[in-house]
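K.L.:
Supplied in structure tokens, the structure appears directly below.
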Amino acid sequence: MLHVVLFRPEIPQNTGNIGRVCALTRSRLHLIYPLGFRITDRHLKRSGMDYWNSLDVVHHQTWEDFLQYGKGPKRLWLFTTHAKQTYWDVQFADEDGLLFGNEGAGAPPWLHEWAGAERSVRIPQPDPALRSLNLSTAAGIGVYEALRQLRPPGL
């Protein structure tokens with residue numbers, strides 16, 4: 001199982017789309033509060049559609065609560081535009097977590113320090129003048145690369 005970890009997501013449609021990817025791939029979604037929306041938001045439900053009821057989602061009130069959770073990832077990879085290595089350069093493993101900052105500010109500096117350079121990866125983008133990919137697009141790319149490497153049964 002993969003874990004997708006969203007640190008304080010702000011846009012319900014992105015979280016809904018990511019939830020849909022997680023439901024389809026049997027990945028666990030971790031939402032670290034505060035969220036920029038209510039979990040009952042109609043935009044979230046519409047983006048996740050009927051997949052939301054099949055989703056394995058865990059809510060964490062704080063980063064510390066997430067770290068203390070007994071069924072979390074064994075190892076975390078922070079996806080960030082600030083990383084030196086790309087997600088192509090690492091070997092993902094079962095029970096890994098893919099960690100994403102929020103849409104407005106990304107991951108805070110202390111989270112970059114926590115992850116360190118060895119556990120931070122970026123998605124290459126040829127045009128550095130553009131800011132970054134949409135959060136749900138980035139999460140989809142990360143999940144499917146990890147699954148490509150792991151090739152779990154049933155996918």
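Ligands are numbered from 1 in the order shown, chains are lettered A, B, ... in the order of the structure tokens, and residues start at 1 in each chain.
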Please identify all polymer residues within 10 Å of A:Glu10, counting only C-alpha atoms, omitting same-chain residues fewer than 5 positions from it, and present them as a list in words.
P.N.:
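With the cut-off at 10 Å, the set is Thr15, Tyr33, Pro34, Leu35, Gly36, Phe37, Arg38, Gly101, Asn102, Glu103, Gly104 and Ala105 of chain A.
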K.L.:
Write the residues you've just listed into a file as a short mmCIF file (atom, residue, chain, number, x, y, z; two decimals), in the first residue's frame, and include N, CA, C and O atoms for each of them.
P.N.:
```
data_model
loop_
_atom_site.label_atom_id
_atom_site.label_comp_id
_atom_site.auth_asym_id
_atom_site.auth_seq_id
_atom_site.Cartn_x
_atom_site.Cartn_y
_atom_site.Cartn_z
N THR A 15 -8.22 17.97 -3.54
CA THR A 15 -8.31 16.87 -2.58
C THR A 15 -9.27 15.80 -3.08
O THR A 15 -9.00 14.61 -2.95
N TYR A 33 -4.59 18.53 9.10
CA TYR A 33 -5.32 19.77 9.33
C TYR A 33 -4.39 20.91 9.75
O TYR A 33 -3.29 20.65 10.20
N PRO A 34 -4.88 22.14 9.60
CA PRO A 34 -6.21 22.53 9.15
C PRO A 34 -6.34 22.44 7.64
O PRO A 34 -5.38 22.61 6.90
N LEU A 35 -7.57 22.17 7.19
CA LEU A 35 -7.89 22.14 5.78
C LEU A 35 -8.43 23.52 5.39
O LEU A 35 -8.98 24.22 6.22
N GLY A 36 -8.32 23.86 4.13
CA GLY A 36 -8.84 25.13 3.65
C GLY A 36 -10.30 25.04 3.26
O GLY A 36 -10.82 25.93 2.58
N PHE A 37 -10.98 23.99 3.67
CA PHE A 37 -12.38 23.74 3.31
C PHE A 37 -12.95 22.76 4.32
O PHE A 37 -12.21 22.17 5.11
N ARG A 38 -14.25 22.58 4.30
CA ARG A 38 -14.90 21.56 5.13
C ARG A 38 -14.94 20.26 4.34
O ARG A 38 -15.16 20.27 3.13
N GLY A 101 2.89 19.43 0.02
CA GLY A 101 2.47 20.65 0.69
C GLY A 101 1.20 21.17 0.06
O GLY A 101 0.64 20.58 -0.86
N ASN A 102 0.74 22.32 0.55
CA ASN A 102 -0.54 22.83 0.03
C ASN A 102 -0.36 23.69 -1.21
O ASN A 102 0.76 24.00 -1.62
N GLU A 103 -1.48 24.05 -1.80
CA GLU A 103 -1.49 24.74 -3.08
C GLU A 103 -0.92 26.16 -3.00
O GLU A 103 -0.33 26.64 -3.96
N GLY A 104 -1.11 26.84 -1.88
CA GLY A 104 -0.68 28.23 -1.78
C GLY A 104 0.79 28.42 -1.43
O GLY A 104 1.48 29.23 -2.05
N ALA A 105 1.27 27.66 -0.48
CA ALA A 105 2.63 27.87 0.03
C ALA A 105 3.54 26.66 -0.09
O ALA A 105 4.72 26.74 0.22
#
```
K.L.:
What lies within 9 Å of A:Trp63 using only C-alpha atoms, ignoring chain neighbours under 5 positions off, as a PyMOL selection string?
P.N.:
chain A and resi 7+32-33+68
K.L.:
Write the residues you've just listed into a file as a PDB file, in the first residue's frame, and include all heavy atoms for each of them.
P.N.:
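The result, written out as out32.pdb:
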```pdb
ATOM      1  N   PHE A   7      -0.484  17.879   3.309  1.00  0.00           N
ATOM      2  CA  PHE A   7      -0.250  18.777   4.430  1.00  0.00           C
ATOM      3  C   PHE A   7      -1.056  20.057   4.225  1.00  0.00           C
ATOM      4  O   PHE A   7      -0.750  20.854   3.353  1.00  0.00           O
ATOM      5  CB  PHE A   7       1.254  19.103   4.534  1.00  0.00           C
ATOM      6  CG  PHE A   7       1.589  19.969   5.703  1.00  0.00           C
ATOM      7  CD1 PHE A   7       1.723  19.425   6.962  1.00  0.00           C
ATOM      8  CD2 PHE A   7       1.764  21.331   5.541  1.00  0.00           C
ATOM      9  CE1 PHE A   7       2.030  20.232   8.053  1.00  0.00           C
ATOM     10  CE2 PHE A   7       2.076  22.144   6.621  1.00  0.00           C
ATOM     11  CZ  PHE A   7       2.204  21.598   7.881  1.00  0.00           C
ATOM     12  N   ILE A  32      -3.803  16.225   6.720  1.00  0.00           N
ATOM     13  CA  ILE A  32      -3.286  16.890   7.918  1.00  0.00           C
ATOM     14  C   ILE A  32      -3.911  18.277   8.000  1.00  0.00           C
ATOM     15  O   ILE A  32      -3.780  19.083   7.093  1.00  0.00           O
ATOM     16  CB  ILE A  32      -1.752  16.953   7.900  1.00  0.00           C
ATOM     17  CG1 ILE A  32      -1.192  15.523   7.828  1.00  0.00           C
ATOM     18  CG2 ILE A  32      -1.232  17.694   9.132  1.00  0.00           C
ATOM     19  CD1 ILE A  32       0.294  15.433   7.692  1.00  0.00           C
ATOM     20  N   TYR A  33      -4.585  18.528   9.098  1.00  0.00           N
ATOM     21  CA  TYR A  33      -5.319  19.769   9.330  1.00  0.00           C
ATOM     22  C   TYR A  33      -4.389  20.907   9.746  1.00  0.00           C
ATOM     23  O   TYR A  33      -3.285  20.648  10.200  1.00  0.00           O
ATOM     24  CB  TYR A  33      -6.360  19.527  10.420  1.00  0.00           C
ATOM     25  CG  TYR A  33      -7.568  18.765   9.932  1.00  0.00           C
ATOM     26  CD1 TYR A  33      -7.454  17.460   9.468  1.00  0.00           C
ATOM     27  CD2 TYR A  33      -8.818  19.352   9.935  1.00  0.00           C
ATOM     28  CE1 TYR A  33      -8.564  16.759   9.024  1.00  0.00           C
ATOM     29  CE2 TYR A  33      -9.945  18.656   9.497  1.00  0.00           C
ATOM     30  CZ  TYR A  33      -9.808  17.355   9.049  1.00  0.00           C
ATOM     31  OH  TYR A  33     -10.908  16.670   8.601  1.00  0.00           O
ATOM     32  N   GLN A  68       2.545  10.210  14.986  1.00  0.00           N
ATOM     33  CA  GLN A  68       2.248   9.232  16.041  1.00  0.00           C
ATOM     34  C   GLN A  68       1.287   8.133  15.591  1.00  0.00           C
ATOM     35  O   GLN A  68       1.133   7.132  16.274  1.00  0.00           O
ATOM     36  CB  GLN A  68       1.644   9.952  17.258  1.00  0.00           C
ATOM     37  CG  GLN A  68       2.582  10.938  17.913  1.00  0.00           C
ATOM     38  CD  GLN A  68       3.845  10.277  18.445  1.00  0.00           C
ATOM     39  OE1 GLN A  68       3.789   9.199  19.030  1.00  0.00           O
ATOM     40  NE2 GLN A  68       4.980  10.907  18.228  1.00  0.00           N
TER      41      GLN A  68
END
```
K.L.:
So which residues of stretch 30-151 of chain A fall under strand (DSSP E or B) by DSSP, listed as a ChimeraX atom specification?
P.N.:
/A:30-32,56-60,75-79,86,96-100,102,106,120-122
K.L.:
Using only C-alpha atoms, which protein or nucleic acid residues come within 10 Å of stretch 91-94 of chain A? Drop anything in the same chain fewer than 5 positions from it, and give the result as JSON, numbers by chain.
P.N.:
{"A": [1, 2, 3, 73, 74, 75, 76, 77, 142, 143, 145, 146, 147, 148, 149, 150, 152]}
K.L.:
Taking only C-alpha atoms into account, name the residue in A:Ser136, A:Gly72, A:Ser27, A:Ile141 that is nearest to A:Pro12.
P.N.:
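Checking each of A:Ser136, A:Gly72, A:Ser27, A:Ile141 against A:Pro12, counting only C-alpha atoms, the winner is A:Ser136.
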K.L.:
Hey, which of A:Asn134, A:Ala139, A:Trp114, A:Ala83 ends up closest to A:Leu29? Count only C-alpha atoms.
P.N.:
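Between A:Asn134, A:Ala139, A:Trp114, A:Ala83, the residue approaching A:Leu29 most closely is A:Ala139.
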K.L.:
Using only C-alpha atoms, which residue out of A:Val58, A:Leu78, A:Leu67, A:Ala117 lies closest to A:Gly97?
P.N.:
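With only C-alpha atoms as the atom set, the closest residue is A:Leu78.
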K.L.:
Hey, what does DSSP flag as helix (DSSP H, G or I) within stretch 82-124 of chain A? Can you give it to me as a ChimeraX atom specification?
P.N.:
/A:87-89,109-115,117-119
